[in-house]
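Asks: Just one file: start13.cif, with mmCIF, C-alpha atoms.
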```cif
data_target
#
loop_
_atom_site.group_PDB
_atom_site.id
_atom_site.type_symbol
_atom_site.label_atom_id
_atom_site.label_comp_id
_atom_site.auth_asym_id
_atom_site.auth_seq_id
_atom_site.Cartn_x
_atom_site.Cartn_y
_atom_site.Cartn_z
ATOM 1 C CA MET A 17 9.281 -10.522 19.797
ATOM 2 C CA ARG A 18 7.005 -8.129 17.930
ATOM 3 C CA GLU A 19 8.383 -5.171 19.847
ATOM 4 C CA LEU A 20 11.915 -6.269 18.964
ATOM 5 C CA MET A 21 11.053 -6.571 15.275
ATOM 6 C CA ARG A 22 9.402 -3.149 15.311
ATOM 7 C CA GLY A 23 12.444 -1.638 16.971
ATOM 8 C CA VAL A 24 14.768 -3.179 14.395
ATOM 9 C CA ALA A 25 12.550 -1.958 11.551
ATOM 10 C CA VAL A 26 12.372 1.588 12.937
ATOM 11 C CA GLY A 27 16.133 1.652 13.533
ATOM 12 C CA PHE A 28 16.835 0.441 9.999
ATOM 13 C CA ALA A 29 14.495 3.063 8.544
ATOM 14 C CA LEU A 30 16.218 5.802 10.538
ATOM 15 C CA LEU A 31 19.607 4.644 9.268
ATOM 16 C CA LEU A 32 18.356 4.794 5.677
ATOM 17 C CA VAL A 33 16.960 8.295 6.219
ATOM 18 C CA ALA A 34 20.170 9.483 7.904
ATOM 19 C CA GLY A 35 22.227 8.035 5.071
ATOM 20 C CA ALA A 36 20.059 9.724 2.448
ATOM 21 C CA ILE A 37 20.304 13.094 4.209
ATOM 22 C CA ALA A 38 24.089 12.776 4.615
ATOM 23 C CA SER A 39 24.543 11.839 0.961
ATOM 24 C CA ARG A 40 22.338 14.673 -0.327
ATOM 25 C CA ALA A 41 24.075 17.222 1.902
ATOM 26 C CA GLY A 42 27.504 16.026 0.809
ATOM 27 C CA TRP A 43 28.570 15.148 4.347
ATOM 28 C CA ALA A 44 29.357 11.544 3.499
ATOM 29 C CA ASP A 45 29.065 9.125 0.608
ATOM 30 C CA LEU A 46 26.730 6.488 2.014
ATOM 31 C CA ALA A 47 25.545 5.072 -1.275
ATOM 32 C CA ILE A 48 23.329 1.997 -1.115
ATOM 33 C CA PRO A 49 24.627 -1.009 -3.088
ATOM 34 C CA ARG A 50 22.615 -1.147 -6.290
ATOM 35 C CA ALA A 51 22.188 -3.784 -8.957
ATOM 36 C CA ALA A 52 23.330 -3.146 -12.503
ATOM 37 C CA SER A 53 20.544 -5.306 -13.959
ATOM 38 C CA THR A 54 16.822 -4.659 -14.301
ATOM 39 C CA GLY A 55 16.096 -7.320 -11.682
ATOM 40 C CA PRO A 56 15.137 -4.931 -8.845
ATOM 41 C CA TRP A 57 12.791 -2.989 -11.107
ATOM 42 C CA LEU A 58 11.021 -6.167 -12.229
ATOM 43 C CA ILE A 59 10.749 -7.412 -8.647
ATOM 44 C CA ALA A 60 9.460 -4.009 -7.564
ATOM 45 C CA ARG A 61 6.755 -4.094 -10.221
ATOM 46 C CA ALA A 62 5.771 -7.650 -9.269
ATOM 47 C CA SER A 63 5.595 -6.785 -5.569
ATOM 48 C CA GLY A 64 3.617 -3.645 -6.404
ATOM 49 C CA PHE A 65 1.031 -5.673 -8.295
ATOM 50 C CA ALA A 66 0.929 -8.195 -5.445
ATOM 51 C CA ALA A 67 0.371 -5.381 -2.923
ATOM 52 C CA PHE A 68 -2.491 -3.973 -5.003
ATOM 53 C CA ILE A 69 -4.090 -7.412 -5.303
ATOM 54 C CA ALA A 70 -3.848 -7.934 -1.529
ATOM 55 C CA LEU A 71 -5.296 -4.469 -0.883
ATOM 56 C CA SER A 72 -8.074 -5.136 -3.403
ATOM 57 C CA PHE A 73 -9.090 -8.379 -1.704
ATOM 58 C CA ASP A 74 -8.897 -6.618 1.668
ATOM 59 C CA VAL A 75 -11.235 -3.813 0.591
ATOM 60 C CA ILE A 76 -13.600 -6.193 -1.196
ATOM 61 C CA ALA A 77 -13.725 -8.518 1.822
ATOM 62 C CA GLY A 78 -14.643 -5.548 4.005
ATOM 63 C CA LEU A 79 -17.383 -4.517 1.596
ATOM 64 C CA VAL A 80 -18.746 -8.066 1.415
ATOM 65 C CA LEU A 81 -18.904 -8.025 5.210
ATOM 66 C CA SER A 82 -20.775 -4.722 5.331
ATOM 67 C CA THR A 83 -23.165 -5.480 2.449
ATOM 68 C CA ARG A 84 -23.639 -9.179 3.326
ATOM 69 C CA VAL A 85 -23.917 -10.018 -0.363
ATOM 70 C CA GLY A 86 -22.644 -13.521 0.329
ATOM 71 C CA GLY A 87 -25.589 -14.350 2.536
ATOM 72 C CA ARG A 88 -25.155 -17.609 4.370
ATOM 73 C CA ARG A 89 -22.746 -18.983 1.786
ATOM 74 C CA LEU A 90 -19.859 -17.019 3.285
ATOM 75 C CA ALA A 91 -19.073 -17.516 6.959
ATOM 76 C CA ARG A 92 -18.792 -14.102 8.615
ATOM 77 C CA GLY A 93 -16.060 -15.267 10.988
ATOM 78 C CA GLN A 94 -13.892 -16.465 8.123
ATOM 79 C CA LEU A 95 -14.383 -13.195 6.262
ATOM 80 C CA VAL A 96 -13.380 -11.196 9.335
ATOM 81 C CA GLU A 97 -10.275 -13.340 9.733
ATOM 82 C CA LEU A 98 -9.412 -12.967 6.050
ATOM 83 C CA HIS A 99 -9.977 -9.207 6.236
ATOM 84 C CA SER A 100 -7.689 -8.844 9.255
ATOM 85 C CA TRP A 101 -5.015 -11.048 7.642
ATOM 86 C CA LEU A 102 -4.942 -9.227 4.301
ATOM 87 C CA SER A 103 -4.307 -5.795 5.822
ATOM 88 C CA PRO A 104 -0.817 -6.538 7.242
ATOM 89 C CA LEU A 105 -0.020 -8.628 4.163
ATOM 90 C CA ALA A 106 -0.720 -5.663 1.873
ATOM 91 C CA LEU A 107 1.444 -3.392 4.043
ATOM 92 C CA ALA A 108 4.286 -5.932 4.070
ATOM 93 C CA LEU A 109 4.168 -6.137 0.274
ATOM 94 C CA VAL A 110 4.177 -2.330 0.013
ATOM 95 C CA LEU A 111 7.244 -2.218 2.256
ATOM 96 C CA GLY A 112 8.947 -4.864 0.143
ATOM 97 C CA HIS A 113 8.034 -2.916 -2.991
ATOM 98 C CA ALA A 114 9.733 0.188 -1.613
ATOM 99 C CA MET A 115 12.804 -1.619 -0.282
ATOM 100 C CA VAL A 116 13.493 -3.306 -3.616
ATOM 101 C CA LEU A 117 13.358 0.076 -5.361
ATOM 102 C CA LEU A 118 16.320 1.171 -3.244
ATOM 103 C CA ALA A 119 18.419 -1.450 -5.031
ATOM 104 C CA ASP A 120 17.510 -0.232 -8.514
ATOM 105 C CA GLY A 121 20.587 1.135 -10.261
ATOM 106 C CA TYR A 122 18.779 3.111 -12.970
ATOM 107 C CA ILE A 123 16.480 5.534 -11.108
ATOM 108 C CA ARG A 124 18.559 5.405 -7.896
ATOM 109 C CA PHE A 125 15.843 6.132 -5.348
ATOM 110 C CA ASP A 126 16.873 6.909 -1.789
ATOM 111 C CA ALA A 127 14.879 6.667 1.450
ATOM 112 C CA LEU A 128 13.656 10.265 1.237
ATOM 113 C CA ASP A 129 12.247 9.685 -2.252
ATOM 114 C CA LEU A 130 10.170 6.816 -0.925
ATOM 115 C CA MET A 131 9.072 8.428 2.342
ATOM 116 C CA ILE A 132 8.327 12.039 1.373
ATOM 117 C CA PRO A 133 5.555 12.528 -1.224
ATOM 118 C CA PHE A 134 6.315 14.181 -4.562
ATOM 119 C CA VAL A 135 10.130 14.424 -4.277
ATOM 120 C CA ALA A 136 11.041 11.273 -6.213
ATOM 121 C CA PRO A 137 13.139 11.803 -9.366
ATOM 122 C CA TYR A 138 10.908 9.455 -11.380
ATOM 123 C CA ARG A 139 7.276 10.431 -12.050
ATOM 124 C CA GLY A 140 7.112 12.382 -8.812
ATOM 125 C CA ALA A 141 3.332 12.868 -8.762
ATOM 126 C CA ALA A 142 2.614 9.181 -9.339
ATOM 127 C CA VAL A 143 5.164 8.049 -6.760
ATOM 128 C CA GLY A 144 3.848 10.664 -4.327
ATOM 129 C CA LEU A 145 0.351 9.185 -4.657
ATOM 130 C CA GLY A 146 1.798 5.807 -3.775
ATOM 131 C CA VAL A 147 3.559 7.196 -0.701
ATOM 132 C CA ILE A 148 0.403 8.923 0.554
ATOM 133 C CA SER A 149 -1.697 5.818 -0.114
ATOM 134 C CA ALA A 150 0.754 3.713 1.886
ATOM 135 C CA TYR A 151 0.539 6.102 4.838
ATOM 136 C CA VAL A 152 -3.265 6.093 4.681
ATOM 137 C CA ALA A 153 -3.330 2.285 4.597
ATOM 138 C CA LEU A 154 -1.009 2.246 7.614
ATOM 139 C CA VAL A 155 -3.335 4.590 9.528
ATOM 140 C CA VAL A 156 -6.336 2.372 8.762
ATOM 141 C CA HIS A 157 -4.449 -0.746 9.846
ATOM 142 C CA ALA A 158 -3.203 0.906 13.046
ATOM 143 C CA SER A 159 -6.734 2.040 13.922
ATOM 144 C CA PHE A 160 -7.680 -1.579 14.675
ATOM 145 C CA ALA A 161 -5.439 -1.494 17.746
ATOM 146 C CA PHE A 162 -7.152 1.671 19.030
ATOM 147 C CA ARG A 163 -10.726 0.746 18.174
ATOM 148 C CA ARG A 164 -11.953 0.787 21.769
ATOM 149 C CA ARG A 165 -10.308 4.115 22.517
ATOM 150 C CA LEU A 166 -11.558 5.725 19.330
ATOM 151 C CA GLY A 167 -15.079 4.433 19.641
ATOM 152 C CA THR A 168 -17.006 2.568 16.975
ATOM 153 C CA LYS A 169 -18.324 5.675 15.224
ATOM 154 C CA LEU A 170 -14.940 7.386 14.790
ATOM 155 C CA TRP A 171 -13.255 4.081 13.968
ATOM 156 C CA ARG A 172 -15.705 3.449 11.138
ATOM 157 C CA ARG A 173 -15.093 6.919 9.750
ATOM 158 C CA LEU A 174 -11.361 6.268 9.783
ATOM 159 C CA HIS A 175 -12.023 2.953 8.098
ATOM 160 C CA TYR A 176 -13.495 4.794 5.105
ATOM 161 C CA LEU A 177 -9.964 6.007 4.394
ATOM 162 C CA SER A 178 -9.258 2.526 3.047
ATOM 163 C CA PHE A 179 -11.098 3.573 -0.120
ATOM 164 C CA LEU A 180 -8.667 6.489 -0.471
ATOM 165 C CA ALA A 181 -5.718 4.118 -0.081
ATOM 166 C CA PHE A 182 -7.274 1.725 -2.588
ATOM 167 C CA GLY A 183 -7.977 4.366 -5.225
ATOM 168 C CA GLY A 184 -4.655 6.134 -4.667
ATOM 169 C CA GLY A 185 -2.782 2.851 -4.920
ATOM 170 C CA ALA A 186 -4.504 2.085 -8.210
ATOM 171 C CA LEU A 187 -3.638 5.522 -9.617
ATOM 172 C CA HIS A 188 -0.058 5.114 -8.431
ATOM 173 C CA GLY A 189 0.306 1.803 -10.232
ATOM 174 C CA ILE A 190 -1.365 3.033 -13.407
ATOM 175 C CA LEU A 191 0.612 6.292 -13.638
ATOM 176 C CA ALA A 192 3.986 5.029 -12.402
ATOM 177 C CA GLY A 193 4.003 1.603 -14.021
ATOM 178 C CA THR A 194 5.866 0.968 -17.245
ATOM 179 C CA ASP A 195 3.444 -1.783 -18.263
ATOM 180 C CA SER A 196 0.124 -0.284 -17.188
ATOM 181 C CA ARG A 197 -1.211 -0.294 -20.765
ATOM 182 C CA GLN A 198 -0.721 -4.014 -21.196
ATOM 183 C CA PRO A 199 -4.087 -5.815 -21.494
ATOM 184 C CA TRP A 200 -3.436 -8.004 -18.449
ATOM 185 C CA ALA A 201 -2.516 -4.954 -16.369
ATOM 186 C CA VAL A 202 -5.675 -3.117 -17.456
ATOM 187 C CA VAL A 203 -7.771 -6.099 -16.334
ATOM 188 C CA LEU A 204 -5.844 -6.375 -13.066
ATOM 189 C CA TYR A 205 -6.611 -2.755 -12.187
ATOM 190 C CA ALA A 206 -10.094 -2.478 -13.693
ATOM 191 C CA ALA A 207 -11.667 -5.672 -12.313
ATOM 192 C CA PRO A 208 -11.233 -4.997 -8.563
ATOM 193 C CA LEU A 209 -12.042 -1.295 -9.012
ATOM 194 C CA ALA A 210 -15.287 -2.173 -10.804
ATOM 195 C CA LEU A 211 -16.247 -4.813 -8.234
ATOM 196 C CA ALA A 212 -15.492 -2.482 -5.319
ATOM 197 C CA THR A 213 -17.542 0.279 -6.963
ATOM 198 C CA MET A 214 -20.543 -2.019 -7.368
ATOM 199 C CA LEU A 215 -20.310 -3.104 -3.730
ATOM 200 C CA VAL A 216 -20.078 0.521 -2.569
ATOM 201 C CA VAL A 217 -23.191 1.360 -4.595
ATOM 202 C CA ARG A 218 -24.993 -1.582 -3.019
ATOM 203 C CA ARG A 219 -23.803 -0.469 0.429
ATOM 204 C CA VAL A 220 -25.038 3.110 -0.045
ATOM 205 C CA ALA A 221 -28.286 2.342 -1.909
ATOM 206 C CA PRO A 222 -30.247 0.834 1.025
ATOM 207 C CA ALA A 223 -29.381 3.806 3.233
ATOM 208 C CA ARG A 224 -30.766 6.159 0.618
#
```
Represent the supplied structure as structure tokens.

Replies:
Amino acid sequence: MRELMRGVAVGFALLLVAGAIASRAGWADLAIPRAASTGPWLIARASGFAAFIALSFDVIAGLVLSTRVGGRRLARGQLVELHSWLSPLALALVLGHAMVLLADGYIRFDALDLMIPFVAPYRGAAVGLGVISAYVALVVHASFAFRRRLGTKLWRRLHYLSFLAFGGGALHGILAGTDSRQPWAVVLYAAPLALATMLVVRRVAPAR
């Protein structure tokens, strides 16, 4: 069943890419149906915030595991399960965030804008950061399946890329978002970044 779903997803993505290339080259008009309202943009922003929250909890759960700040109060098995569950959830929300943007009638993103960094017509640098962060998060998630082949040492080094995805995702949201200066948005970005930073400092300090 999983293989079937992956095949359908890959096939759908290829169709979107082929349609975008054909439309840009003028070979065919394969325009995606787009909404005239601001609904897709609002949903995209909401799903983007949800993806960042899921990624934040994922990174923080991993840091709590490595620093053991919870002591005996937090069951290690439950944290591992939560950590492994949040990773695909964050990726699913990122995918939903991108797919909803395709339906926006104002910016009119196409598949290439959302798959190739820095080519988007809207705040290209900020959107490019989001694209790269999504790819990095995907690499980290995929590394779990190849942990034995990679070896623990290399796998852990790859796992450090999650911080790059986390920081890049935060910058993407702050720079691309239309409501990033709202007080609630500032708290939403600043709180997990501050907590993750403190846990990283705690993780590094004993080694030093």

Asks: Given the file shown, determine the residues that the PyMOL selection byres ((chain A and resi 175) around 12) selects; report them as a PyMOL selection string.

Replies: chain A and resi 74-75+78-79+82+103+152-160+163+166+168-174+176-182

Asks: If I take atom CA of Ala25 of chain A and atom CA of Arg164 of chain A, how far is one from the other in Å, to one decimal?

Replies: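 Atom CA of Arg164 of chain A lies 26.7 Å from atom CA of Ala25 of chain A.
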
Asks: Edge lengths and centre in Å to one decimal, as AutoDock Vina command-line options, is what I'm after for the box along x, y and z that holds all listed atoms of segment 44-58 of chain A once 4 Å is added on each side.

Replies:
```
--center_x 20.2 --center_y 2.1 --center_z -5.4 --size_x 26.3 --size_y 26.9 --size_z 25.8
```

Asks: Calculated over only C-alpha atoms, which of the candidates A:Ala212, A:Asp120, A:Gly140, A:Ala127 has the smallest distance to Val33 of chain A?

Replies: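 For Val33 of chain A, the nearest of the given residues is A:Ala127.
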
Asks: Could you jot down the atom CA of Gly185 of chain A to atom CA of Phe73 of chain A separation for me, Å, one decimal place?

Replies: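 Interatomic distance, atom CA of Gly185 of chain A to atom CA of Phe73 of chain A: 13.3 Å.
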
Asks: For Arg92 of chain A, list every protein, DNA or RNA residue within 8 Å, evaluated using all atoms listed in the file, and leave out those in the same chain fewer than 3 positions away; present the list as a ChimeraX atom specification.

Replies: /A:81,95-96

Asks: Counting only C-alpha atoms, which residues sit no farther than 9 Å from the position (24.4, -2.2, -5.0) in the file's frame? I'd like them as a list in words.

Replies: Ala47, Ile48, Pro49, Arg50, Ala51, Ala52, Leu118, Ala119, Asp120 and Gly121 of chain A

Asks: What does the distance from atom CA of Ala60 of chain A to atom CA of Leu30 of chain A come to in Å, to one decimal?

Replies: 21.7 Å

Asks: Which residues, named as in the file, does the PyMOL selection byres ((chain A and resi 205) around 10) pick out? Answer as a PyMOL selection string.

Replies: chain A and resi 65+68-69+72+185-187+189-190+196+200-204+206-210

Asks: Which residues match the PyMOL selection byres ((chain A and resi 141) around 12) in the file above, as an NGL selection string?

Replies: :A and (129 or 132-140 or 142-148 or 184 or 187-192)

Asks: May I have the selected residues written with C-alpha atoms, as a PDB file, keeping the file's coordinate frame?

Replies:
```pdb
ATOM      1  CA  ASP A 129      12.247   9.685  -2.252  1.00  0.00           C
ATOM      2  CA  ILE A 132       8.327  12.039   1.373  1.00  0.00           C
ATOM      3  CA  PRO A 133       5.555  12.528  -1.224  1.00  0.00           C
ATOM      4  CA  PHE A 134       6.315  14.181  -4.562  1.00  0.00           C
ATOM      5  CA  VAL A 135      10.130  14.424  -4.277  1.00  0.00           C
ATOM      6  CA  ALA A 136      11.041  11.273  -6.213  1.00  0.00           C
ATOM      7  CA  PRO A 137      13.139  11.803  -9.366  1.00  0.00           C
ATOM      8  CA  TYR A 138      10.908   9.455 -11.380  1.00  0.00           C
ATOM      9  CA  ARG A 139       7.276  10.431 -12.050  1.00  0.00           C
ATOM     10  CA  GLY A 140       7.112  12.382  -8.812  1.00  0.00           C
ATOM     11  CA  ALA A 142       2.614   9.181  -9.339  1.00  0.00           C
ATOM     12  CA  VAL A 143       5.164   8.049  -6.760  1.00  0.00           C
ATOM     13  CA  GLY A 144       3.848  10.664  -4.327  1.00  0.00           C
ATOM     14  CA  LEU A 145       0.351   9.185  -4.657  1.00  0.00           C
ATOM     15  CA  GLY A 146       1.798   5.807  -3.775  1.00  0.00           C
ATOM     16  CA  VAL A 147       3.559   7.196  -0.701  1.00  0.00           C
ATOM     17  CA  ILE A 148       0.403   8.923   0.554  1.00  0.00           C
ATOM     18  CA  GLY A 184      -4.655   6.134  -4.667  1.00  0.00           C
ATOM     19  CA  LEU A 187      -3.638   5.522  -9.617  1.00  0.00           C
ATOM     20  CA  HIS A 188      -0.058   5.114  -8.431  1.00  0.00           C
ATOM     21  CA  GLY A 189       0.306   1.803 -10.232  1.00  0.00           C
ATOM     22  CA  ILE A 190      -1.365   3.033 -13.407  1.00  0.00           C
ATOM     23  CA  LEU A 191       0.612   6.292 -13.638  1.00  0.00           C
ATOM     24  CA  ALA A 192       3.986   5.029 -12.402  1.00  0.00           C
TER      25      ALA A 192
END
```
